[in-house]
file work-v3.cif (mmCIF, C-alpha atoms)
data_data
#
loop_
_atom_site.label_atom_id
_atom_site.label_comp_id
_atom_site.auth_asym_id
_atom_site.auth_seq_id
_atom_site.Cartn_x
_atom_site.Cartn_y
_atom_site.Cartn_z
CA MET A 1 25.22 11.92 -1.81
CA SER A 2 24.68 12.33 -5.51
CA THR A 3 21.21 12.85 -6.88
CA ALA A 4 21.18 9.52 -8.67
CA GLU A 5 22.13 7.77 -5.44
CA LEU A 6 19.34 9.49 -3.57
CA HIS A 7 16.79 8.17 -5.95
CA THR A 8 17.98 4.59 -5.54
CA LEU A 9 16.95 4.79 -1.88
CA THR A 10 13.26 4.31 -2.79
CA GLY A 11 13.67 0.56 -2.37
CA ALA A 12 15.48 0.70 0.96
CA TYR A 13 12.95 3.24 2.20
CA ALA A 14 9.95 1.13 1.22
CA LEU A 15 11.50 -1.79 3.11
CA HIS A 16 12.20 0.40 6.17
CA ALA A 17 15.85 -0.44 5.70
CA LEU A 18 17.25 3.06 6.12
CA PRO A 19 18.95 4.07 9.35
CA GLU A 20 17.16 6.92 11.12
CA ASP A 21 19.31 9.79 9.84
CA GLU A 22 19.11 8.65 6.24
CA ARG A 23 15.41 8.06 6.56
CA LEU A 24 14.83 11.65 7.62
CA SER A 25 16.96 12.98 4.78
CA PHE A 26 15.18 10.81 2.29
CA GLU A 27 11.76 11.88 3.55
CA ARG A 28 12.75 15.44 2.91
CA HIS A 29 13.73 14.40 -0.59
CA LEU A 30 10.40 12.64 -1.00
CA GLY A 31 8.54 15.71 0.11
CA ALA A 32 9.85 17.60 -2.88
CA CYS A 33 9.80 14.76 -5.38
CA GLU A 34 6.36 13.60 -6.34
CA ALA A 35 7.61 11.04 -8.82
CA CYS A 36 9.84 9.53 -6.14
CA ALA A 37 6.91 9.47 -3.75
CA GLN A 38 4.89 7.61 -6.36
CA GLU A 39 7.65 5.04 -6.75
CA VAL A 40 7.88 4.68 -2.98
CA ARG A 41 4.14 4.15 -2.82
CA GLU A 42 4.31 1.37 -5.38
CA LEU A 43 7.31 -0.29 -3.78
CA SER A 44 5.74 0.01 -0.37
CA ALA A 45 2.57 -1.67 -1.68
CA THR A 46 4.86 -4.37 -3.08
CA ALA A 47 6.53 -4.80 0.31
CA ALA A 48 3.10 -5.17 1.89
CA ARG A 49 2.55 -8.16 -0.40
CA LEU A 50 5.60 -9.78 1.14
CA GLY A 51 3.86 -9.19 4.44
CA LEU A 52 0.57 -10.71 3.33
CA ALA A 53 2.42 -13.79 2.16
CA VAL A 54 3.43 -14.68 5.72
CA SER A 55 -0.01 -14.18 7.18
CA ALA A 56 -0.66 -16.22 10.31
CA THR A 57 -3.71 -17.02 12.41
CA ALA A 58 -4.01 -14.79 15.44
CA PRO A 59 -4.99 -16.50 18.69
CA GLY A 60 -8.47 -15.84 20.03
CA ALA A 61 -7.14 -14.47 23.31
CA MET A 62 -5.38 -11.68 21.43
CA ARG A 63 -8.65 -10.68 19.83
CA ALA A 64 -10.33 -10.36 23.19
CA ARG A 65 -7.43 -8.35 24.59
CA VAL A 66 -7.33 -5.92 21.67
CA LEU A 67 -11.07 -5.39 21.58
CA ARG A 68 -11.03 -4.73 25.30
CA GLU A 69 -8.08 -2.39 25.11
CA ILE A 70 -9.48 -0.13 22.42
CA THR A 71 -12.39 0.80 24.65
CA THR A 72 -9.88 2.64 26.84
CA VAL A 73 -7.84 4.26 24.07
CA ARG A 74 -8.66 7.72 22.79
CA GLN A 75 -8.49 8.16 19.01
CA GLU A 76 -6.32 10.82 17.46
CA PRO A 77 -7.86 13.76 15.64
CA PRO A 78 -7.68 13.53 11.83
CA SER A 79 -5.28 16.41 11.35
CA HIS A 80 -2.57 15.08 13.56
CA GLY A 81 0.72 16.67 12.58
CA ARG A 82 4.28 16.16 13.75
CA ILE A 83 5.29 19.69 14.36
CA SER A 84 8.43 19.03 16.32
CA ARG A 85 10.00 16.93 13.61
CA ALA A 86 9.04 19.30 10.84
CA GLY A 87 10.39 22.19 12.89
CA ALA A 88 13.69 20.48 13.46
CA ALA A 89 14.08 19.92 9.78
CA ARG A 90 13.24 23.43 8.73
CA GLY A 91 16.79 24.76 8.85
CA ARG A 92 17.88 22.65 5.95
CA ALA A 93 14.64 22.50 4.05
CA GLY A 94 15.52 25.00 1.38
CA ARG A 95 18.73 23.31 0.60
CA TRP A 96 17.19 19.91 0.43
CA THR A 97 14.47 21.19 -1.78
CA THR A 98 16.80 22.17 -4.50
CA TYR A 99 18.82 18.98 -4.31
CA ALA A 100 15.71 16.92 -4.21
CA LEU A 101 14.13 18.66 -7.14
CA ALA A 102 17.23 18.19 -9.19
CA ALA A 103 17.22 14.51 -8.30
CA CYS A 104 13.67 14.31 -9.45
CA VAL A 105 14.11 15.51 -12.95
CA ALA A 106 14.89 12.18 -14.53
CA ALA A 107 12.30 10.35 -12.50
CA ALA A 108 9.64 12.90 -13.25
CA ALA A 109 10.19 12.42 -16.93
CA ALA A 110 10.09 8.66 -16.61
CA LEU A 111 7.16 8.26 -14.26
CA GLY A 112 5.01 11.34 -14.28
CA GLY A 113 1.69 11.21 -12.52
CA VAL A 114 0.48 12.54 -9.25
CA ALA A 115 2.10 11.14 -6.19
CA VAL A 116 0.08 10.12 -3.28
CA TRP A 117 1.77 8.69 -0.26
CA GLN A 118 0.22 7.66 2.97
CA ASN A 119 3.11 8.63 5.18
CA GLN A 120 2.30 11.62 7.31
CA LEU A 121 5.95 12.57 7.53
CA ALA A 122 6.26 12.73 3.80
CA GLN A 123 3.26 15.02 3.79
CA ASP A 124 4.85 17.25 6.37
CA ALA A 125 8.09 17.32 4.46
CA ARG A 126 6.34 18.06 1.24
CA GLN A 127 4.47 20.96 2.75
CA GLU A 128 7.65 22.25 4.25
CA ALA A 129 9.40 22.00 0.93
CA ARG A 130 6.52 23.73 -0.77
CA GLN A 131 6.84 26.64 1.60
CA ALA A 132 10.57 26.75 1.16
CA ARG A 133 10.24 27.03 -2.56
CA GLU A 134 7.29 29.37 -2.79
CA HIS A 135 9.63 32.17 -3.66
CA ASN A 136 11.24 29.88 -6.12
CA THR A 137 8.40 28.37 -8.08
CA GLN A 138 9.93 29.15 -11.40
CA LEU A 139 13.00 27.18 -10.47
CA SER A 140 10.90 24.20 -9.54
CA ARG A 141 8.82 24.56 -12.69
CA VAL A 142 11.97 24.19 -14.75
CA LEU A 143 13.10 21.16 -12.80
CA ALA A 144 9.70 19.53 -12.99
CA ALA A 145 9.07 20.35 -16.65
CA PRO A 146 8.42 17.26 -18.75
CA ASP A 147 10.97 18.42 -21.29
CA ALA A 148 13.68 19.21 -18.73
CA ARG A 149 17.08 18.03 -19.96
CA THR A 150 20.15 17.78 -17.80
CA VAL A 151 23.80 18.04 -18.65
CA SER A 152 26.78 17.87 -16.29
CA ALA A 153 30.43 18.69 -16.71
CA ALA A 154 33.55 19.06 -14.64
CA LEU A 155 34.48 22.65 -13.79
CA GLU A 156 37.93 24.04 -13.10
CA GLY A 157 39.09 23.28 -9.58
CA GLY A 158 37.42 19.90 -9.18
CA ALA A 159 33.84 21.16 -8.95
CA ARG A 160 31.02 19.74 -11.01
CA GLY A 161 28.34 21.78 -12.72
CA THR A 162 24.90 20.63 -13.76
CA VAL A 163 22.46 22.58 -15.85
CA VAL A 164 18.82 21.74 -16.37
CA VAL A 165 17.13 23.31 -19.38
CA SER A 166 13.47 23.31 -20.24
CA GLN A 167 12.52 24.55 -23.67
CA SER A 168 8.85 24.77 -22.75
CA GLU A 169 9.68 26.99 -19.76
CA ASN A 170 12.41 28.70 -21.76
CA ARG A 171 14.49 28.80 -18.59
CA ALA A 172 17.53 27.05 -17.18
CA VAL A 173 18.69 26.10 -13.69
CA PHE A 174 22.31 25.77 -12.73
CA ALA A 175 23.73 23.86 -9.77
CA ALA A 176 27.28 23.07 -8.79
CA SER A 177 28.74 20.66 -6.31
CA GLY A 178 32.10 21.22 -4.71
CA LEU A 179 32.29 24.78 -5.94
CA ALA A 180 34.61 26.75 -3.64
CA ARG A 181 33.53 30.14 -2.40
CA PRO A 182 34.78 32.79 -4.79
CA PRO A 183 37.90 34.71 -3.76
CA GLY A 184 37.28 37.92 -1.79
CA GLY A 185 35.79 40.70 -3.88
CA LYS A 186 34.79 38.25 -6.61
CA VAL A 187 31.57 36.50 -7.59
CA TYR A 188 30.60 33.70 -9.89
CA GLN A 189 28.68 34.87 -12.91
CA LEU A 190 26.57 32.71 -15.19
CA TRP A 191 26.28 33.23 -18.92
CA PHE A 192 24.13 32.08 -21.76
CA ASP A 193 26.10 31.27 -24.86
CA ASP A 194 24.26 32.86 -27.80
CA GLY A 195 26.27 31.37 -30.63
CA GLY A 196 29.60 32.51 -29.18
CA THR A 197 28.33 35.73 -27.58
CA MET A 198 28.04 35.51 -23.82
CA ARG A 199 24.87 37.01 -22.31
CA SER A 200 24.79 37.48 -18.55
CA ALA A 201 22.49 35.07 -16.71
CA GLY A 202 23.05 36.49 -13.25
CA LEU A 203 25.36 36.03 -10.31
CA VAL A 204 25.71 33.17 -7.87
CA GLU A 205 25.76 34.52 -4.34
CA ALA A 206 28.72 33.31 -2.31
CA SER A 207 26.29 31.71 0.12
CA ASP A 208 24.53 29.88 -2.69
CA THR A 209 27.41 28.01 -4.26
CA ASP A 210 25.82 24.71 -3.33
CA GLU A 211 22.25 25.68 -4.22
CA ALA A 212 20.45 25.35 -7.49
CA VAL A 213 19.94 28.79 -9.02
CA LEU A 214 17.51 29.90 -11.68
CA MET A 215 19.52 31.52 -14.45
CA ASP A 216 18.38 35.06 -15.21
CA GLY A 217 16.60 35.62 -18.48
CA PRO A 218 15.14 33.34 -21.12
CA VAL A 219 17.11 30.55 -22.76
CA ASP A 220 15.86 31.54 -26.22
CA ARG A 221 18.41 30.48 -28.79
CA ALA A 222 21.31 29.93 -26.39
CA SER A 223 23.26 26.82 -27.28
CA GLY A 224 24.95 26.49 -23.91
CA MET A 225 26.08 28.21 -20.76
CA GLY A 226 29.24 29.14 -18.94
CA ILE A 227 30.44 30.24 -15.54
CA THR A 228 33.22 32.71 -14.81
CA VAL A 229 34.73 34.51 -11.83
CA GLU A 230 34.01 38.24 -12.04
CA PRO A 231 34.56 41.26 -9.84
CA ALA A 232 31.84 41.81 -7.23
CA GLY A 233 28.71 43.11 -8.92
CA GLY A 234 29.41 41.17 -12.08
CA SER A 235 30.51 42.20 -15.55
CA ALA A 236 28.74 43.00 -18.79
CA ARG A 237 31.03 40.59 -20.64
CA PRO A 238 33.17 37.78 -19.24
CA THR A 239 36.55 39.11 -18.13
CA THR A 240 38.15 35.79 -17.22
CA GLN A 241 38.52 32.35 -18.71
CA PRO A 242 35.39 30.33 -17.92
CA LEU A 243 35.57 27.71 -15.18
CA GLY A 244 33.39 25.66 -17.40
CA LEU A 245 31.27 25.71 -20.54
CA MET A 246 28.38 23.39 -21.12
CA GLY A 247 26.42 22.86 -24.28
CA PHE A 248 22.67 22.44 -23.83
CA PRO A 249 21.37 19.02 -24.75
CA ALA A 250 19.17 18.81 -27.78
CA ALA A 251 15.49 18.91 -26.86
CA MET B 252 -23.71 -5.84 8.24
CA LYS B 253 -20.80 -7.01 6.19
CA GLU B 254 -19.23 -10.34 6.75
CA ALA B 255 -15.69 -10.34 7.96
CA VAL B 256 -13.65 -11.72 5.12
CA HIS B 257 -10.53 -13.51 6.07
CA ILE B 258 -7.27 -12.54 4.55
CA SER B 259 -7.73 -11.75 0.93
CA GLY B 260 -5.17 -12.74 -1.61
CA ILE B 261 -5.14 -9.35 -3.25
CA PRO B 262 -3.31 -6.36 -1.87
CA SER B 263 -6.42 -4.37 -1.26
CA PRO B 264 -9.24 -6.53 0.02
CA GLY B 265 -11.73 -4.35 -1.80
CA PRO B 266 -13.61 -1.30 -0.63
CA ASP B 267 -14.80 -3.01 2.52
CA LEU B 268 -11.69 -2.61 4.60
CA GLN B 269 -11.26 1.00 3.55
CA GLU B 270 -14.86 1.74 4.27
CA LEU B 271 -14.64 0.01 7.62
CA LEU B 272 -11.60 2.07 8.57
CA VAL B 273 -13.49 5.23 7.79
CA GLN B 274 -16.18 4.07 10.21
CA VAL B 275 -13.53 3.18 12.77
CA ALA B 276 -12.23 6.72 12.45
CA ARG B 277 -15.61 7.86 13.73
CA GLY B 278 -15.24 5.68 16.79
CA ASP B 279 -17.26 2.69 15.58
CA GLN B 280 -16.13 -0.28 17.66
CA ASP B 281 -18.15 -2.83 15.70
CA ALA B 282 -16.42 -1.71 12.55
CA PHE B 283 -13.10 -2.12 14.33
CA THR B 284 -13.97 -5.70 15.20
CA GLN B 285 -14.41 -6.40 11.51
CA VAL B 286 -11.17 -4.64 10.69
CA TYR B 287 -9.48 -6.73 13.34
CA ASP B 288 -10.76 -9.93 11.78
CA GLN B 289 -9.34 -8.95 8.42
CA VAL B 290 -5.96 -7.64 9.43
CA SER B 291 -4.91 -9.44 12.61
CA GLY B 292 -3.62 -12.52 10.75
CA PRO B 293 -1.44 -10.57 8.32
CA VAL B 294 -0.23 -8.27 11.11
CA LEU B 295 0.76 -11.10 13.42
CA GLY B 296 2.36 -13.12 10.63
CA LEU B 297 4.45 -10.20 9.49
CA VAL B 298 5.52 -9.16 12.97
CA ARG B 299 6.41 -12.75 13.79
CA SER B 300 8.48 -13.14 10.65
CA VAL B 301 10.58 -10.19 11.77
CA LEU B 302 10.73 -10.79 15.51
CA ARG B 303 10.54 -14.61 15.69
CA ASP B 304 9.84 -14.68 19.41
CA PRO B 305 6.15 -15.68 19.70
CA ALA B 306 5.37 -13.81 22.90
CA GLN B 307 7.09 -10.64 21.79
CA SER B 308 5.42 -10.89 18.39
CA GLU B 309 2.00 -11.13 19.93
CA GLU B 310 2.74 -8.15 22.12
CA VAL B 311 3.88 -6.01 19.18
CA ALA B 312 0.99 -7.19 16.97
CA GLN B 313 -1.40 -6.17 19.72
CA GLU B 314 0.21 -2.73 19.93
CA VAL B 315 -0.10 -2.36 16.18
CA LEU B 316 -3.78 -3.28 16.21
CA VAL B 317 -4.52 -0.80 18.98
CA GLU B 318 -2.57 1.79 16.98
CA VAL B 319 -4.83 1.07 14.02
CA TRP B 320 -7.75 2.02 16.23
CA ARG B 321 -6.00 5.08 17.63
CA THR B 322 -4.74 6.48 14.34
CA ALA B 323 -7.58 5.42 12.04
CA PRO B 324 -8.69 9.08 11.74
CA ARG B 325 -5.41 9.74 9.99
CA PHE B 326 -5.98 7.06 7.37
CA GLN B 327 -6.89 8.59 4.03
CA PRO B 328 -8.39 6.11 1.56
CA SER B 329 -7.36 8.26 -1.37
CA ARG B 330 -3.73 7.69 -0.52
CA GLY B 331 -3.43 3.94 -0.66
CA SER B 332 -5.04 0.71 0.34
CA ALA B 333 -6.02 0.08 3.92
CA MET B 334 -4.15 -3.21 4.07
CA ASN B 335 -1.02 -1.49 2.86
CA TRP B 336 -1.42 1.16 5.53
CA VAL B 337 -1.86 -1.41 8.28
CA LEU B 338 1.01 -3.62 7.14
CA THR B 339 3.32 -0.63 6.75
CA LEU B 340 2.52 0.30 10.32
CA ALA B 341 3.09 -3.28 11.47
CA HIS B 342 6.42 -3.53 9.69
CA HIS B 343 7.55 -0.23 11.18
CA ARG B 344 6.72 -1.35 14.70
CA ALA B 345 8.38 -4.72 14.27
CA VAL B 346 11.48 -3.11 12.81
CA ASP B 347 11.58 -0.51 15.58
CA ARG B 348 11.57 -3.34 18.09
CA VAL B 349 14.36 -5.18 16.29
CA ARG B 350 16.51 -2.08 16.05
CA SER B 351 16.09 -1.05 19.66
CA ALA B 352 16.54 -4.44 21.26
CA GLN B 353 18.29 -6.80 18.94
CA ALA B 354 20.65 -4.77 16.80
CA ALA B 355 23.73 -6.10 18.51
CA ALA B 356 22.49 -9.65 18.71
CA VAL B 357 21.57 -9.63 15.05
CA ARG B 358 25.10 -8.85 14.03
CA GLU B 359 26.46 -11.62 16.21
CA HIS B 360 24.26 -14.20 14.60
CA LYS B 361 25.29 -13.59 11.07
CA ALA B 362 25.39 -17.21 10.00
CA ALA B 363 22.13 -18.12 11.65
CA LEU B 364 20.43 -15.19 9.98
CA LEU B 365 21.59 -16.12 6.55
CA ASP B 366 20.05 -19.57 6.93
CA ARG B 367 16.65 -18.23 7.73
CA THR B 368 14.37 -17.90 4.82
CA PRO B 369 10.87 -16.61 5.53
CA ASP B 370 9.12 -19.18 7.59
CA PHE B 371 6.42 -20.14 5.18
CA ASP B 372 5.61 -23.34 7.07
CA GLU B 373 4.40 -21.80 10.28
CA VAL B 374 1.74 -19.74 8.64
CA SER B 375 -1.91 -20.47 8.33
CA GLU B 376 -3.13 -22.65 5.52
CA GLN B 377 -6.12 -20.69 4.36
CA VAL B 378 -6.61 -20.93 0.64
CA GLU B 379 -6.28 -17.21 -0.06
CA THR B 380 -3.13 -17.00 2.00
CA ARG B 381 -1.70 -20.02 0.27
CA LEU B 382 -2.37 -18.51 -3.15
CA GLU B 383 -0.86 -15.22 -2.13
CA ARG B 384 2.15 -17.02 -0.73
CA GLU B 385 2.59 -19.07 -3.87
CA GLN B 386 2.47 -15.98 -6.01
CA VAL B 387 4.96 -14.11 -3.88
CA ARG B 388 7.25 -17.11 -3.78
CA ARG B 389 7.04 -17.51 -7.54
CA CYS B 390 7.83 -13.85 -8.05
CA LEU B 391 10.69 -13.94 -5.57
CA ARG B 392 12.20 -16.63 -7.75
CA THR B 393 12.33 -14.20 -10.67
CA LEU B 394 14.79 -12.03 -8.73
CA SER B 395 18.53 -12.48 -8.94
CA GLU B 396 19.99 -14.20 -5.92
CA ILE B 397 21.43 -11.03 -4.46
CA GLN B 398 18.22 -9.11 -5.09
CA ARG B 399 16.19 -11.80 -3.36
CA GLU B 400 18.54 -12.10 -0.43
CA SER B 401 18.72 -8.35 0.03
CA VAL B 402 14.98 -7.84 -0.13
CA THR B 403 14.11 -10.72 2.19
CA LEU B 404 16.81 -9.87 4.74
CA ALA B 405 15.65 -6.27 4.81
CA TYR B 406 11.95 -7.00 4.94
CA TYR B 407 11.58 -10.25 6.83
CA ARG B 408 14.52 -9.72 9.15
CA GLY B 409 14.13 -5.98 9.59
CA LEU B 410 17.76 -5.22 8.79
CA THR B 411 19.03 -1.88 7.55
CA TYR B 412 20.63 -1.87 4.13
CA ARG B 413 23.98 -1.37 5.86
CA GLU B 414 23.47 -4.55 7.85
CA VAL B 415 22.37 -6.37 4.72
CA GLY B 416 25.51 -5.20 2.95
CA GLU B 417 27.65 -6.37 5.84
CA LEU B 418 25.99 -9.76 5.97
CA LEU B 419 26.29 -10.36 2.25
CA SER B 420 29.69 -8.69 1.96
CA VAL B 421 28.39 -6.48 -0.81
CA PRO B 422 29.17 -2.76 -1.19
CA LEU B 423 26.47 -0.45 0.17
CA GLY B 424 25.81 1.23 -3.16
CA THR B 425 25.13 -2.17 -4.68
CA ILE B 426 22.72 -3.12 -1.91
CA LYS B 427 20.70 0.05 -2.36
CA THR B 428 20.39 -0.63 -6.06
CA ARG B 429 19.54 -4.29 -5.53
CA LEU B 430 16.80 -3.44 -3.04
CA ARG B 431 15.23 -1.06 -5.52
CA ASP B 432 15.69 -3.27 -8.57
CA GLY B 433 14.42 -6.28 -6.65
CA LEU B 434 11.28 -4.52 -5.49
CA ILE B 435 10.64 -3.12 -8.95
CA ARG B 436 10.85 -6.60 -10.40
CA LEU B 437 8.54 -7.92 -7.70
CA ARG B 438 6.12 -5.07 -8.29
CA ASP B 439 5.93 -5.90 -11.97
CA CYS B 440 5.64 -9.62 -11.37
CA LEU B 441 2.88 -9.18 -8.78
CA GLY B 442 1.13 -6.56 -10.86
CA VAL B 443 1.04 -4.04 -8.02
CA ASN B 444 -0.71 -0.81 -8.89
CA ALA B 445 -0.47 2.08 -6.53
#
call {"tool": "encode", "arguments": {"input": "work-v3.cif", "output": "structure tokens"}}
result
Amino acid sequence: MSTAELHTLTGAYALHALPEDERLSFERHLGACEACAQEVRELSATAARLGLAVSATAPGAMRARVLREITTVRQEPPSHGRISRAGAARGRAGRWTTYALAACVAAAAALGGVAVWQNQLAQDARQEARQAREHNTQLSRVLAAPDARTVSAALEGGARGTVVVSQSENRAVFAASGLARPPGGKVYQLWFDDGGTMRSAGLVEASDTDEAVLMDGPVDRASGMGITVEPAGGSARPTTQPLGLMGFPAA
Amino acid sequence: MKEAVHISGIPSPGPDLQELLVQVARGDQDAFTQVYDQVSGPVLGLVRSVLRDPAQSEEVAQEVLVEVWRTAPRFQPSRGSAMNWVLTLAHHRAVDRVRSAQAAAVREHKAALLDRTPDFDEVSEQVETRLEREQVRRCLRTLSEIQRESVTLAYYRGLTYREVGELLSVPLGTIKTRLRDGLIRLRDCLGVNA
């Protein structure tokens, strides 16, 4: 699912209109996307108004039954967590985190603000995502930066590349979808384009071709980026035609 | 002791309900009685709009209200209004019931479903409720037809967006967008702050 599509699920989620599997995926997305969580909170409050509008009068017998029943029901402790569900999701958390963060960029710019969301699951997911990205805070800082700009382009071979640049962070994040694993003995290498001179911005591990990666080094005056296939270990200068070149959007 | 206010026309019935829930979290049964008096009408009305069957609705509403008691310690006032929390819970439970028991039947009764608009006539006639209903109805009218149909089928009938798409013969991507756009328009019309 594309990142834009993911974000449109806020409405369906607030209405509880997502099938189970999509709900879980989306909650993981929410956990990493505070702006999305804020939108969900607003839309969920809106949905509750639809509920209030059909308010009925409860029969007196129900009142008696409920008040009697609660005397026999033990209350949950405040810190009730859902460990099993969070555990089950852990395997994919890192991956979701990066997707979700990328999906968030536009929304973060548009909405801003601190998200607060009642749903315990979203809390769990958020915590999980936070752990998953602890080693990757700089990446998330770029994606969450208010001045983050995104540009996408088709790459050779049917893949699509997206780069997110933040001038304030002076860093860039690259992500590709549909990027095949590099041929044996080769790696993908990222480059900053410093006015026609390519400066290495690190390698993309074969296992990370569908992850967002923080490009090595500062953006500085780079006007764009490129990706090439290089021998394992990378090259000092590109040795092959780039799979793609992308100009950075103006700040 | 605070007076139990009946259903308020605003999304958050003021600090009282939140405050009461905090007391409920400490095991205060008197506070729960007051919470019950504020939320039972909205809970039952919402559950009934989704489930239709009166006996089943009462059963689910009762479960929801006991769950409010049981999980009150998990309610955090800083994260949203108490009424929103309760109604979200109620909608979840009603929808769970629909999905487990009636999923097949729902699909078979396509035509019947499409005819059903929210049953505004069955509901109580308290002034606050009537005002709230009028406002929601007015705002629903500001939605495009497909937005309104999508939102009401999803919320009041408890359908998944896939089922809504099937019923309306609209592509899934469109339904997702319409649900979001529709709710955003409603949010703005109702002046919801969260």
call {"tool": "atom_distance", "arguments": {"input": "work-v3.cif", "atom1": "atom CA of A:Tyr13", "atom2": "atom CA of B:His342"}}
result
12.0 Å
call {"tool": "closest_residue", "arguments": {"input": "work-v3.cif", "among": "A:Thr197, A:Gln189, A:Thr71, A:Ser152", "to": "A:Ala176", "atoms": "only C-alpha atoms"}}
result
A:Ser152
call {"tool": "residues_around", "arguments": {"input": "work-v3.cif", "residues": "B:Lys427", "least_positions_apart": "4", "cutoff": "8 Å", "atoms": "only C-alpha atoms", "output": "PyMOL selection string"}}
result
(chain A and resi 8-9+11-12) or (chain B and resi 412+423+431)
call {"tool": "residues_near_point", "arguments": {"input": "work-v3.cif", "point": "(13.5, 0.8, 7.4)", "cutoff": "8 Å", "atoms": "all atoms listed in the file", "output": "VMD selection string"}}
result
(chain A and resid 12 to 19 23) or (chain B and resid 343 346 405 409 to 411)
call {"tool": "residues_around", "arguments": {"input": "work-v3.cif", "residues": "A:Thr209", "least_positions_apart": "3", "cutoff": "7 Å", "atoms": "all atoms listed in the file", "output": "compact mmCIF listing (two decimals) with C-alpha atoms, in the coordinates of the input"}}
result
# COMPACT_ATOMS: atom_id res chain seq x y z
CA ALA A 176 27.28 23.07 -8.79
CA LEU A 179 32.29 24.78 -5.94
CA ARG A 181 33.53 30.14 -2.40
CA VAL A 204 25.71 33.17 -7.87
CA GLU A 205 25.76 34.52 -4.34
CA ALA A 206 28.72 33.31 -2.31
call {"tool": "closest_atom_pairs", "arguments": {"input": "work-v3.cif", "of": "chain A", "to": "chain B", "cutoff": "9 Å", "atoms": "only C-alpha atoms", "output": "tab-separated table"}}
result
residue	atom	partner	partner_atom	distance
A:Glu5	CA	B:Gly424	CA	7.8
A:Thr8	CA	B:Thr428	CA	5.8
A:Leu9	CA	B:Lys427	CA	6.1
A:Thr10	CA	B:Arg431	CA	6.3
A:Gly11	CA	B:Arg431	CA	3.9
A:Ala12	CA	B:Leu430	CA	5.9
A:Ala14	CA	B:Thr339	CA	8.8
A:Leu15	CA	B:Tyr406	CA	5.5
A:His16	CA	B:His343	CA	6.9
A:Ala17	CA	B:Thr411	CA	4.0
A:Leu18	CA	B:Thr411	CA	5.4
A:Pro19	CA	B:Thr411	CA	6.2
A:Gln38	CA	B:Ala445	CA	7.7
A:Glu39	CA	B:Ala445	CA	8.6
A:Arg41	CA	B:Ala445	CA	6.3
A:Glu42	CA	B:Ala445	CA	5.0
A:Leu43	CA	B:Leu434	CA	6.0
A:Ser44	CA	B:Thr339	CA	7.5
A:Ala45	CA	B:Asn335	CA	5.8
A:Thr46	CA	B:Arg438	CA	5.4
A:Ala47	CA	B:Tyr406	CA	7.5
A:Ala48	CA	B:Asn335	CA	5.6
A:Arg49	CA	B:Pro262	CA	6.3
A:Leu50	CA	B:Val387	CA	6.7
A:Gly51	CA	B:Leu297	CA	5.2
A:Leu52	CA	B:Pro293	CA	5.4
A:Ala53	CA	B:Arg384	CA	4.3
A:Val54	CA	B:Gly296	CA	5.3
A:Ser55	CA	B:Pro293	CA	4.0
A:Ala56	CA	B:Gly296	CA	4.3
A:Thr57	CA	B:Gly292	CA	4.8
A:Ala58	CA	B:Gly292	CA	5.2
A:Pro59	CA	B:Glu309	CA	8.9
A:Met62	CA	B:Gln313	CA	7.0
A:Arg63	CA	B:Tyr287	CA	7.6
A:Arg65	CA	B:Gln313	CA	8.1
A:Val66	CA	B:Gln313	CA	6.2
A:Leu67	CA	B:Thr284	CA	7.0
A:Glu69	CA	B:Val317	CA	7.3
A:Ile70	CA	B:Val317	CA	6.1
A:Thr71	CA	B:Gln280	CA	8.0
A:Val73	CA	B:Arg321	CA	6.7
A:Arg74	CA	B:Arg321	CA	6.4
A:Gln75	CA	B:Arg321	CA	4.2
A:Glu76	CA	B:Thr322	CA	5.6
A:Pro77	CA	B:Pro324	CA	6.1
A:Pro78	CA	B:Pro324	CA	4.6
A:Ser79	CA	B:Arg325	CA	6.8
A:His80	CA	B:Arg325	CA	7.0
A:Ala115	CA	B:Arg330	CA	8.8
A:Val116	CA	B:Arg330	CA	5.3
A:Trp117	CA	B:Arg330	CA	5.6
A:Gln118	CA	B:Arg330	CA	5.3
A:Asn119	CA	B:Trp336	CA	8.7
A:Gln120	CA	B:Arg325	CA	8.4
